[in-house]
Amino acid sequence: MTPPAPPAAPLRADCIGDSAGGLTFDVAARGNTGAALLILRRRAGDDCADADGETVSLPLAPAAEGRLRAALPSSVSLPEGRWDAYARLSDGEPRRLVPGVTDLRSLAERTPSGLRGHVAVRIPYATRQGNLTVRSWLRAPHAEAVDLSPARGGLTVRGRVYGTQLLPGADAELRARPGDGAGGAGEGGVRRVEVAADRTEFAFTVPYDDLVPGLWDLWLRPAGPSGPAVRLARLLDDVADKSPVFTFPRTRVRTPHGPVEAGPYYTRDNDLSLAVAPLDT
């Protein structure tokens, strides 16, 4: 009996990001690779339940001995979501890629012009299984949270908008997240906060003593209460998942609903939210 063939070694891909938001993939592959493709397959999830099977294919061309290269320029649309990376060689089955060397230094200081009316961000990362996936954001317009600092009994948020203008009357909006099961926010509710604006930069302070316990999502209305709302997020760096990396102290305050402990956090999509938890008295 012929012993089964050993499993193929995983294909490793180095990734380099550029300041325009594009990515280059260098795949280590030797031998006759034939017509090769790098395939990005969008993963179905909370915000893209209909995405299963959606793919973007990029040609893999020889770049050096044993190396194939594919480019994903910022001009190629990659809808928001998580995209699993595969390589298909010699008309074979697509094989999952694993990350090699990742160079995202150009993303750390990236400041898009905003002239396109949207911000496109692509960050490659290793999944829990050690595979290569690209997290993509496409925000039009975008409100970037640049700095979070404690205020007296609250939080000061400073940021910048892209693809829109800040008009007189711009304000921030805190929306209680329904169904979080934490005290009173599940009942719904909106709080508005005045915004100080200077061209594309903004700042506002959220007082915690007006918030019932629960989770609150932060939005910006660049044109005021009657205009469209833009979700606040931190996207313009090289960190795919901010939640375990950016942690913030909690502040204890007294509210009409009792004492609470409150502070900001980034969601799994790197959107900015507040957590307000009741304290035992």
# chains A, B, ... in the order shown; residues from 1 in each chain; ligands from 1
$ residues_around --residues "Leu132 (chain A)" --least-positions-apart "4" --cutoff "9 Å" --atoms "only C-alpha atoms" --output "number ranges by chain"
A: 12-13, 83-86, 96-100, 124-127
$ write_last_selection --atoms "N, CA, C and O atoms" --output "JSON list (two decimals), in the first residue's frame"
[["chain", "number", "residue", "atom", "x", "y", "z"],
["A", 12, "ARG", "N", 4.00, 30.77, 2.57],
["A", 12, "ARG", "CA", 4.23, 31.93, 3.42],
["A", 12, "ARG", "C", 4.26, 33.19, 2.57],
["A", 12, "ARG", "O", 4.84, 33.21, 1.47],
["A", 13, "ALA", "N", 3.62, 34.25, 3.07],
["A", 13, "ALA", "CA", 3.56, 35.51, 2.33],
["A", 13, "ALA", "C", 4.05, 36.66, 3.20],
["A", 13, "ALA", "O", 3.57, 36.85, 4.32],
["A", 83, "TRP", "N", -10.81, 39.51, 5.05],
["A", 83, "TRP", "CA", -10.55, 38.81, 3.81],
["A", 83, "TRP", "C", -9.44, 37.78, 4.05],
["A", 83, "TRP", "O", -8.30, 38.14, 4.33],
["A", 84, "ASP", "N", -9.78, 36.51, 3.93],
["A", 84, "ASP", "CA", -8.81, 35.43, 4.10],
["A", 84, "ASP", "C", -7.98, 35.29, 2.82],
["A", 84, "ASP", "O", -8.51, 35.36, 1.70],
["A", 85, "ALA", "N", -6.66, 35.10, 2.99],
["A", 85, "ALA", "CA", -5.73, 35.10, 1.86],
["A", 85, "ALA", "C", -5.35, 33.68, 1.45],
["A", 85, "ALA", "O", -5.01, 32.84, 2.30],
["A", 86, "TYR", "N", -5.39, 33.40, 0.14],
["A", 86, "TYR", "CA", -5.04, 32.11, -0.45],
["A", 86, "TYR", "C", -4.12, 32.34, -1.65],
["A", 86, "TYR", "O", -4.13, 33.43, -2.26],
["A", 96, "ARG", "N", -4.32, 28.05, 1.70],
["A", 96, "ARG", "CA", -4.33, 29.13, 2.68],
["A", 96, "ARG", "C", -2.90, 29.63, 2.89],
["A", 96, "ARG", "O", -1.96, 28.84, 3.00],
["A", 97, "LEU", "N", -2.75, 30.94, 2.97],
["A", 97, "LEU", "CA", -1.46, 31.55, 3.23],
["A", 97, "LEU", "C", -1.25, 31.78, 4.71],
["A", 97, "LEU", "O", -2.20, 32.03, 5.46],
["A", 98, "VAL", "N", 0.02, 31.72, 5.12],
["A", 98, "VAL", "CA", 0.39, 32.09, 6.48],
["A", 98, "VAL", "C", 1.29, 33.31, 6.40],
["A", 98, "VAL", "O", 2.01, 33.51, 5.40],
["A", 99, "PRO", "N", 1.26, 34.18, 7.41],
["A", 99, "PRO", "CA", 2.05, 35.41, 7.34],
["A", 99, "PRO", "C", 3.54, 35.16, 7.53],
["A", 99, "PRO", "O", 3.95, 34.33, 8.35],
["A", 100, "GLY", "N", 4.34, 35.86, 6.75],
["A", 100, "GLY", "CA", 5.78, 35.87, 6.94],
["A", 100, "GLY", "C", 6.19, 37.17, 7.60],
["A", 100, "GLY", "O", 5.68, 37.53, 8.66],
["A", 124, "PRO", "N", -2.99, 43.61, 7.16],
["A", 124, "PRO", "CA", -2.85, 42.15, 7.25],
["A", 124, "PRO", "C", -2.52, 41.73, 8.68],
["A", 124, "PRO", "O", -1.81, 42.45, 9.40],
["A", 125, "TYR", "N", -3.03, 40.57, 9.09],
["A", 125, "TYR", "CA", -2.75, 40.09, 10.44],
["A", 125, "TYR", "C", -2.85, 38.57, 10.47],
["A", 125, "TYR", "O", -3.37, 37.94, 9.54],
["A", 126, "ALA", "N", -2.33, 37.98, 11.54],
["A", 126, "ALA", "CA", -2.39, 36.53, 11.73],
["A", 126, "ALA", "C", -3.62, 36.18, 12.54],
["A", 126, "ALA", "O", -3.87, 36.77, 13.60],
["A", 127, "THR", "N", -4.40, 35.22, 12.06],
["A", 127, "THR", "CA", -5.56, 34.77, 12.81],
["A", 127, "THR", "C", -5.12, 33.89, 13.98],
["A", 127, "THR", "O", -3.94, 33.57, 14.13]]
$ select_by_dssp --residues "region 178-224 of chain A" --states "strand (DSSP E or B)" --output "PyMOL selection string"
chain A and resi 190-194+196-198+201-207+214-221
$ write_last_selection --atoms "N, CA and C atoms" --output "compact mmCIF listing (two decimals), in the first residue's frame"
# COMPACT_ATOMS: atom_id res chain seq x y z
N VAL A 190 -30.17 58.78 23.52
CA VAL A 190 -29.16 59.54 22.79
C VAL A 190 -28.75 60.73 23.64
N ARG A 191 -27.46 60.99 23.71
CA ARG A 191 -26.94 62.19 24.37
C ARG A 191 -26.12 62.95 23.34
N ARG A 192 -26.27 64.29 23.34
CA ARG A 192 -25.52 65.12 22.41
C ARG A 192 -24.51 65.96 23.18
N VAL A 193 -23.36 66.18 22.55
CA VAL A 193 -22.28 66.94 23.16
C VAL A 193 -21.78 67.96 22.15
N GLU A 194 -21.57 69.18 22.61
CA GLU A 194 -21.08 70.25 21.74
C GLU A 194 -19.65 69.96 21.30
N ALA A 196 -16.05 71.44 19.51
CA ALA A 196 -15.20 72.54 19.08
C ALA A 196 -14.50 72.12 17.80
N ALA A 197 -14.67 72.90 16.72
CA ALA A 197 -14.16 72.52 15.41
C ALA A 197 -13.18 73.54 14.89
N ASP A 198 -12.13 73.06 14.23
CA ASP A 198 -11.14 73.92 13.57
C ASP A 198 -10.75 73.25 12.27
N GLU A 201 -10.28 69.44 12.17
CA GLU A 201 -10.02 68.88 13.50
C GLU A 201 -11.16 69.22 14.45
N PHE A 202 -11.43 68.31 15.38
CA PHE A 202 -12.52 68.52 16.32
C PHE A 202 -12.12 68.03 17.71
N ALA A 203 -12.86 68.52 18.70
CA ALA A 203 -12.65 68.08 20.08
C ALA A 203 -13.97 68.23 20.83
N PHE A 204 -14.22 67.30 21.74
CA PHE A 204 -15.39 67.41 22.61
C PHE A 204 -15.12 66.62 23.88
N THR A 205 -15.88 66.94 24.91
CA THR A 205 -15.74 66.26 26.20
C THR A 205 -17.06 65.62 26.58
N VAL A 206 -17.00 64.34 26.91
CA VAL A 206 -18.18 63.57 27.32
C VAL A 206 -18.23 63.54 28.85
N PRO A 207 -19.27 64.11 29.48
CA PRO A 207 -19.42 63.95 30.93
C PRO A 207 -20.06 62.61 31.25
N GLY A 214 -24.35 50.86 30.86
CA GLY A 214 -24.50 50.17 29.59
C GLY A 214 -23.37 50.51 28.66
N LEU A 215 -23.56 50.23 27.38
CA LEU A 215 -22.57 50.53 26.35
C LEU A 215 -23.09 51.66 25.48
N TRP A 216 -22.20 52.61 25.18
CA TRP A 216 -22.56 53.79 24.41
C TRP A 216 -21.60 53.91 23.22
N ASP A 217 -22.16 54.02 22.03
CA ASP A 217 -21.37 54.18 20.81
C ASP A 217 -21.26 55.66 20.46
N LEU A 218 -20.06 56.08 20.04
CA LEU A 218 -19.80 57.49 19.77
C LEU A 218 -19.86 57.78 18.27
N TRP A 219 -20.63 58.81 17.94
CA TRP A 219 -20.80 59.25 16.56
C TRP A 219 -20.51 60.76 16.49
N LEU A 220 -20.18 61.21 15.29
CA LEU A 220 -19.97 62.63 15.04
C LEU A 220 -20.95 63.07 13.97
N ARG A 221 -21.54 64.25 14.18
CA ARG A 221 -22.40 64.85 13.15
C ARG A 221 -21.70 66.12 12.66
$ residues_around --residues "Pro112 (chain A)" --least-positions-apart "2" --cutoff "12 Å" --atoms "only C-alpha atoms" --output "ChimeraX atom specification"
/A:18-21,74,106-110,114-121,141-142,144,160-163,235-237
$ closest_residue --among "A:Leu148, A:Ala63, A:Ala28, A:Ala229" --to "Glu173 (chain A)" --atoms "only C-alpha atoms"
A:Ala229
$ residues_around --residues "Gly153 (chain A)" --least-positions-apart "6" --cutoff "9 Å" --atoms "only C-alpha atoms" --output "VMD selection string"
chain A and resid 206 to 209 251 to 254
$ write_last_selection --atoms "C-alpha atoms" --output "PDB file, in the first residue's frame"
ATOM      1  CA  VAL A 206     -18.181  63.574  27.320  1.00  0.00           C
ATOM      2  CA  PRO A 207     -19.421  63.952  30.933  1.00  0.00           C
ATOM      3  CA  TYR A 208     -19.977  60.543  32.481  1.00  0.00           C
ATOM      4  CA  ASP A 209     -22.484  61.679  35.101  1.00  0.00           C
ATOM      5  CA  THR A 251     -13.240  56.762  36.107  1.00  0.00           C
ATOM      6  CA  ARG A 252     -15.586  56.514  39.074  1.00  0.00           C
ATOM      7  CA  VAL A 253     -18.355  59.111  39.180  1.00  0.00           C
ATOM      8  CA  ARG A 254     -21.700  59.605  40.890  1.00  0.00           C
TER       9      ARG A 254
END
$ closest_atom_pairs --of "region 56-111 of chain A" --to "region 36-46 of chain A" --cutoff "12 Å" --atoms "only C-alpha atoms" --output "JSON lines"
{"residue": "A:Val56", "atom": "CA", "partner": "A:Leu40", "partner_atom": "CA", "distance": 5.1}
{"residue": "A:Ser57", "atom": "CA", "partner": "A:Ile39", "partner_atom": "CA", "distance": 4.6}
{"residue": "A:Leu58", "atom": "CA", "partner": "A:Leu38", "partner_atom": "CA", "distance": 5.1}
{"residue": "A:Pro59", "atom": "CA", "partner": "A:Leu37", "partner_atom": "CA", "distance": 4.6}
{"residue": "A:Leu60", "atom": "CA", "partner": "A:Leu37", "partner_atom": "CA", "distance": 5.0}
{"residue": "A:Ala61", "atom": "CA", "partner": "A:Ala36", "partner_atom": "CA", "distance": 7.3}
{"residue": "A:Pro62", "atom": "CA", "partner": "A:Ala36", "partner_atom": "CA", "distance": 9.4}
{"residue": "A:Arg67", "atom": "CA", "partner": "A:Ala36", "partner_atom": "CA", "distance": 11.5}
{"residue": "A:Leu68", "atom": "CA", "partner": "A:Ala36", "partner_atom": "CA", "distance": 8.4}
{"residue": "A:Arg69", "atom": "CA", "partner": "A:Leu38", "partner_atom": "CA", "distance": 8.8}
{"residue": "A:Ala70", "atom": "CA", "partner": "A:Leu38", "partner_atom": "CA", "distance": 6.7}
{"residue": "A:Ala71", "atom": "CA", "partner": "A:Leu38", "partner_atom": "CA", "distance": 9.2}
{"residue": "A:Leu72", "atom": "CA", "partner": "A:Leu38", "partner_atom": "CA", "distance": 9.9}
{"residue": "A:Leu78", "atom": "CA", "partner": "A:Arg42", "partner_atom": "CA", "distance": 9.2}
{"residue": "A:Pro79", "atom": "CA", "partner": "A:Arg42", "partner_atom": "CA", "distance": 8.6}
{"residue": "A:Glu80", "atom": "CA", "partner": "A:Arg42", "partner_atom": "CA", "distance": 9.0}
{"residue": "A:Gly81", "atom": "CA", "partner": "A:Arg42", "partner_atom": "CA", "distance": 6.8}
{"residue": "A:Arg82", "atom": "CA", "partner": "A:Arg43", "partner_atom": "CA", "distance": 5.6}
{"residue": "A:Trp83", "atom": "CA", "partner": "A:Arg42", "partner_atom": "CA", "distance": 4.3}
{"residue": "A:Asp84", "atom": "CA", "partner": "A:Arg41", "partner_atom": "CA", "distance": 5.1}
{"residue": "A:Ala85", "atom": "CA", "partner": "A:Leu40", "partner_atom": "CA", "distance": 4.7}
{"residue": "A:Tyr86", "atom": "CA", "partner": "A:Ile39", "partner_atom": "CA", "distance": 5.0}
{"residue": "A:Ala87", "atom": "CA", "partner": "A:Leu38", "partner_atom": "CA", "distance": 4.5}
{"residue": "A:Arg88", "atom": "CA", "partner": "A:Leu37", "partner_atom": "CA", "distance": 5.2}
{"residue": "A:Leu89", "atom": "CA", "partner": "A:Ala36", "partner_atom": "CA", "distance": 4.6}
{"residue": "A:Ser90", "atom": "CA", "partner": "A:Ala36", "partner_atom": "CA", "distance": 6.3}
{"residue": "A:Asp91", "atom": "CA", "partner": "A:Ala36", "partner_atom": "CA", "distance": 7.5}
{"residue": "A:Gly92", "atom": "CA", "partner": "A:Ala36", "partner_atom": "CA", "distance": 9.3}
{"residue": "A:Glu93", "atom": "CA", "partner": "A:Leu37", "partner_atom": "CA", "distance": 10.8}
{"residue": "A:Pro94", "atom": "CA", "partner": "A:Ile39", "partner_atom": "CA", "distance": 7.8}
{"residue": "A:Arg95", "atom": "CA", "partner": "A:Ile39", "partner_atom": "CA", "distance": 9.3}
{"residue": "A:Arg96", "atom": "CA", "partner": "A:Ile39", "partner_atom": "CA", "distance": 9.3}
{"residue": "A:Leu97", "atom": "CA", "partner": "A:Leu38", "partner_atom": "CA", "distance": 9.3}
$ closest_residue --among "A:Thr24, A:Asn131, A:Thr102, A:Thr267" --to "Pro244 (chain A)" --atoms "only C-alpha atoms"
A:Thr267
$ atom_distance --atom1 "CA of Ala170 (chain A)" --atom2 "CA of Gly227 (chain A)"
8.8 Å
$ select_by_dssp --residues "region 23-229 of chain A" --states "alpha helix (DSSP H)" --output "VMD selection string"
chain A and resid 105 to 108
$ closest_residue --among "A:Arg231, A:Arg268, A:Arg250, A:Arg30" --to "Leu155 (chain A)" --atoms "only C-alpha atoms"
A:Arg250
$ closest_residue --among "A:Pro249, A:Pro73, A:Gly66, A:Pro168" --to "Ala29 (chain A)" --atoms "only C-alpha atoms"
A:Gly66
$ atom_distance --atom1 "CA of Leu174 (chain A)" --atom2 "CA of Tyr266 (chain A)"
14.5 Å
$ closest_residue --among "A:Ala143, A:Ser136, A:Asp103, A:Asp269" --to "Ser243 (chain A)" --atoms "only C-alpha atoms"
A:Asp269
$ decode --residues "region 196-229 of chain A" --atoms "N, CA and C atoms" --output "PDB file, in the first residue's frame"
ATOM      1  N   ALA A 196     -16.050  71.442  19.510  1.00  0.00           N
ATOM      2  CA  ALA A 196     -15.197  72.545  19.078  1.00  0.00           C
ATOM      3  C   ALA A 196     -14.503  72.121  17.799  1.00  0.00           C
ATOM      4  N   ALA A 197     -14.671  72.897  16.725  1.00  0.00           N
ATOM      5  CA  ALA A 197     -14.161  72.516  15.412  1.00  0.00           C
ATOM      6  C   ALA A 197     -13.176  73.540  14.885  1.00  0.00           C
ATOM      7  N   ASP A 198     -12.129  73.062  14.225  1.00  0.00           N
ATOM      8  CA  ASP A 198     -11.140  73.922  13.574  1.00  0.00           C
ATOM      9  C   ASP A 198     -10.749  73.254  12.268  1.00  0.00           C
ATOM     10  N   ARG A 199     -11.386  73.694  11.175  1.00  0.00           N
ATOM     11  CA  ARG A 199     -11.191  73.103   9.855  1.00  0.00           C
ATOM     12  C   ARG A 199     -11.558  71.617   9.880  1.00  0.00           C
ATOM     13  N   THR A 200     -10.575  70.738   9.814  1.00  0.00           N
ATOM     14  CA  THR A 200     -10.883  69.306   9.812  1.00  0.00           C
ATOM     15  C   THR A 200     -10.697  68.670  11.185  1.00  0.00           C
ATOM     16  N   GLU A 201     -10.280  69.435  12.173  1.00  0.00           N
ATOM     17  CA  GLU A 201     -10.021  68.877  13.499  1.00  0.00           C
ATOM     18  C   GLU A 201     -11.157  69.220  14.455  1.00  0.00           C
ATOM     19  N   PHE A 202     -11.429  68.312  15.380  1.00  0.00           N
ATOM     20  CA  PHE A 202     -12.524  68.515  16.322  1.00  0.00           C
ATOM     21  C   PHE A 202     -12.118  68.035  17.706  1.00  0.00           C
ATOM     22  N   ALA A 203     -12.856  68.516  18.699  1.00  0.00           N
ATOM     23  CA  ALA A 203     -12.651  68.077  20.081  1.00  0.00           C
ATOM     24  C   ALA A 203     -13.967  68.227  20.829  1.00  0.00           C
ATOM     25  N   PHE A 204     -14.218  67.302  21.744  1.00  0.00           N
ATOM     26  CA  PHE A 204     -15.393  67.407  22.611  1.00  0.00           C
ATOM     27  C   PHE A 204     -15.124  66.621  23.884  1.00  0.00           C
ATOM     28  N   THR A 205     -15.885  66.939  24.915  1.00  0.00           N
ATOM     29  CA  THR A 205     -15.743  66.256  26.200  1.00  0.00           C
ATOM     30  C   THR A 205     -17.064  65.617  26.583  1.00  0.00           C
ATOM     31  N   VAL A 206     -17.005  64.337  26.909  1.00  0.00           N
ATOM     32  CA  VAL A 206     -18.181  63.574  27.320  1.00  0.00           C
ATOM     33  C   VAL A 206     -18.230  63.542  28.847  1.00  0.00           C
ATOM     34  N   PRO A 207     -19.274  64.112  29.479  1.00  0.00           N
ATOM     35  CA  PRO A 207     -19.421  63.952  30.933  1.00  0.00           C
ATOM     36  C   PRO A 207     -20.064  62.606  31.252  1.00  0.00           C
ATOM     37  N   TYR A 208     -19.456  61.865  32.149  1.00  0.00           N
ATOM     38  CA  TYR A 208     -19.977  60.543  32.481  1.00  0.00           C
ATOM     39  C   TYR A 208     -21.217  60.589  33.363  1.00  0.00           C
ATOM     40  N   ASP A 209     -21.421  61.678  34.089  1.00  0.00           N
ATOM     41  CA  ASP A 209     -22.484  61.679  35.101  1.00  0.00           C
ATOM     42  C   ASP A 209     -23.886  61.751  34.503  1.00  0.00           C
ATOM     43  N   ASP A 210     -23.984  61.844  33.158  1.00  0.00           N
ATOM     44  CA  ASP A 210     -25.294  61.879  32.515  1.00  0.00           C
ATOM     45  C   ASP A 210     -25.638  60.547  31.848  1.00  0.00           C
ATOM     46  N   LEU A 211     -24.786  59.538  32.042  1.00  0.00           N
ATOM     47  CA  LEU A 211     -24.964  58.285  31.319  1.00  0.00           C
ATOM     48  C   LEU A 211     -25.465  57.183  32.244  1.00  0.00           C
ATOM     49  N   VAL A 212     -26.483  56.474  31.781  1.00  0.00           N
ATOM     50  CA  VAL A 212     -26.941  55.305  32.530  1.00  0.00           C
ATOM     51  C   VAL A 212     -26.001  54.141  32.231  1.00  0.00           C
ATOM     52  N   PRO A 213     -25.939  53.147  33.102  1.00  0.00           N
ATOM     53  CA  PRO A 213     -25.051  52.006  32.852  1.00  0.00           C
ATOM     54  C   PRO A 213     -25.395  51.296  31.545  1.00  0.00           C
ATOM     55  N   GLY A 214     -24.354  50.862  30.863  1.00  0.00           N
ATOM     56  CA  GLY A 214     -24.505  50.165  29.593  1.00  0.00           C
ATOM     57  C   GLY A 214     -23.369  50.509  28.660  1.00  0.00           C
ATOM     58  N   LEU A 215     -23.555  50.231  27.384  1.00  0.00           N
ATOM     59  CA  LEU A 215     -22.569  50.529  26.354  1.00  0.00           C
ATOM     60  C   LEU A 215     -23.087  51.659  25.476  1.00  0.00           C
ATOM     61  N   TRP A 216     -22.202  52.610  25.183  1.00  0.00           N
ATOM     62  CA  TRP A 216     -22.555  53.790  24.406  1.00  0.00           C
ATOM     63  C   TRP A 216     -21.602  53.909  23.218  1.00  0.00           C
ATOM     64  N   ASP A 217     -22.164  54.020  22.025  1.00  0.00           N
ATOM     65  CA  ASP A 217     -21.370  54.176  20.809  1.00  0.00           C
ATOM     66  C   ASP A 217     -21.265  55.656  20.459  1.00  0.00           C
ATOM     67  N   LEU A 218     -20.064  56.081  20.037  1.00  0.00           N
ATOM     68  CA  LEU A 218     -19.802  57.489  19.765  1.00  0.00           C
ATOM     69  C   LEU A 218     -19.864  57.776  18.269  1.00  0.00           C
ATOM     70  N   TRP A 219     -20.625  58.812  17.940  1.00  0.00           N
ATOM     71  CA  TRP A 219     -20.797  59.255  16.563  1.00  0.00           C
ATOM     72  C   TRP A 219     -20.509  60.755  16.491  1.00  0.00           C
ATOM     73  N   LEU A 220     -20.180  61.209  15.294  1.00  0.00           N
ATOM     74  CA  LEU A 220     -19.970  62.633  15.041  1.00  0.00           C
ATOM     75  C   LEU A 220     -20.952  63.071  13.967  1.00  0.00           C
ATOM     76  N   ARG A 221     -21.537  64.247  14.178  1.00  0.00           N
ATOM     77  CA  ARG A 221     -22.396  64.850  13.150  1.00  0.00           C
ATOM     78  C   ARG A 221     -21.700  66.121  12.664  1.00  0.00           C
ATOM     79  N   PRO A 222     -20.909  66.022  11.589  1.00  0.00           N
ATOM     80  CA  PRO A 222     -20.129  67.176  11.136  1.00  0.00           C
ATOM     81  C   PRO A 222     -20.958  68.382  10.730  1.00  0.00           C
ATOM     82  N   ALA A 223     -22.192  68.157  10.283  1.00  0.00           N
ATOM     83  CA  ALA A 223     -23.051  69.254   9.855  1.00  0.00           C
ATOM     84  C   ALA A 223     -24.117  69.601  10.884  1.00  0.00           C
ATOM     85  N   GLY A 224     -24.020  69.048  12.094  1.00  0.00           N
ATOM     86  CA  GLY A 224     -24.999  69.332  13.126  1.00  0.00           C
ATOM     87  C   GLY A 224     -26.072  68.263  13.220  1.00  0.00           C
ATOM     88  N   PRO A 225     -27.040  68.447  14.126  1.00  0.00           N
ATOM     89  CA  PRO A 225     -28.048  67.408  14.396  1.00  0.00           C
ATOM     90  C   PRO A 225     -28.864  66.970  13.188  1.00  0.00           C
ATOM     91  N   SER A 226     -29.035  67.860  12.196  1.00  0.00           N
ATOM     92  CA  SER A 226     -29.859  67.502  11.039  1.00  0.00           C
ATOM     93  C   SER A 226     -29.062  66.802   9.940  1.00  0.00           C
ATOM     94  N   GLY A 227     -27.732  66.724  10.100  1.00  0.00           N
ATOM     95  CA  GLY A 227     -26.898  66.117   9.075  1.00  0.00           C
ATOM     96  C   GLY A 227     -26.624  64.655   9.354  1.00  0.00           C
ATOM     97  N   PRO A 228     -25.922  63.990   8.429  1.00  0.00           N
ATOM     98  CA  PRO A 228     -25.617  62.564   8.608  1.00  0.00           C
ATOM     99  C   PRO A 228     -24.620  62.339   9.739  1.00  0.00           C
ATOM    100  N   ALA A 229     -24.700  61.166  10.360  1.00  0.00           N
ATOM    101  CA  ALA A 229     -23.797  60.799  11.458  1.00  0.00           C
ATOM    102  C   ALA A 229     -22.673  59.918  10.926  1.00  0.00           C
TER     103      ALA A 229
END
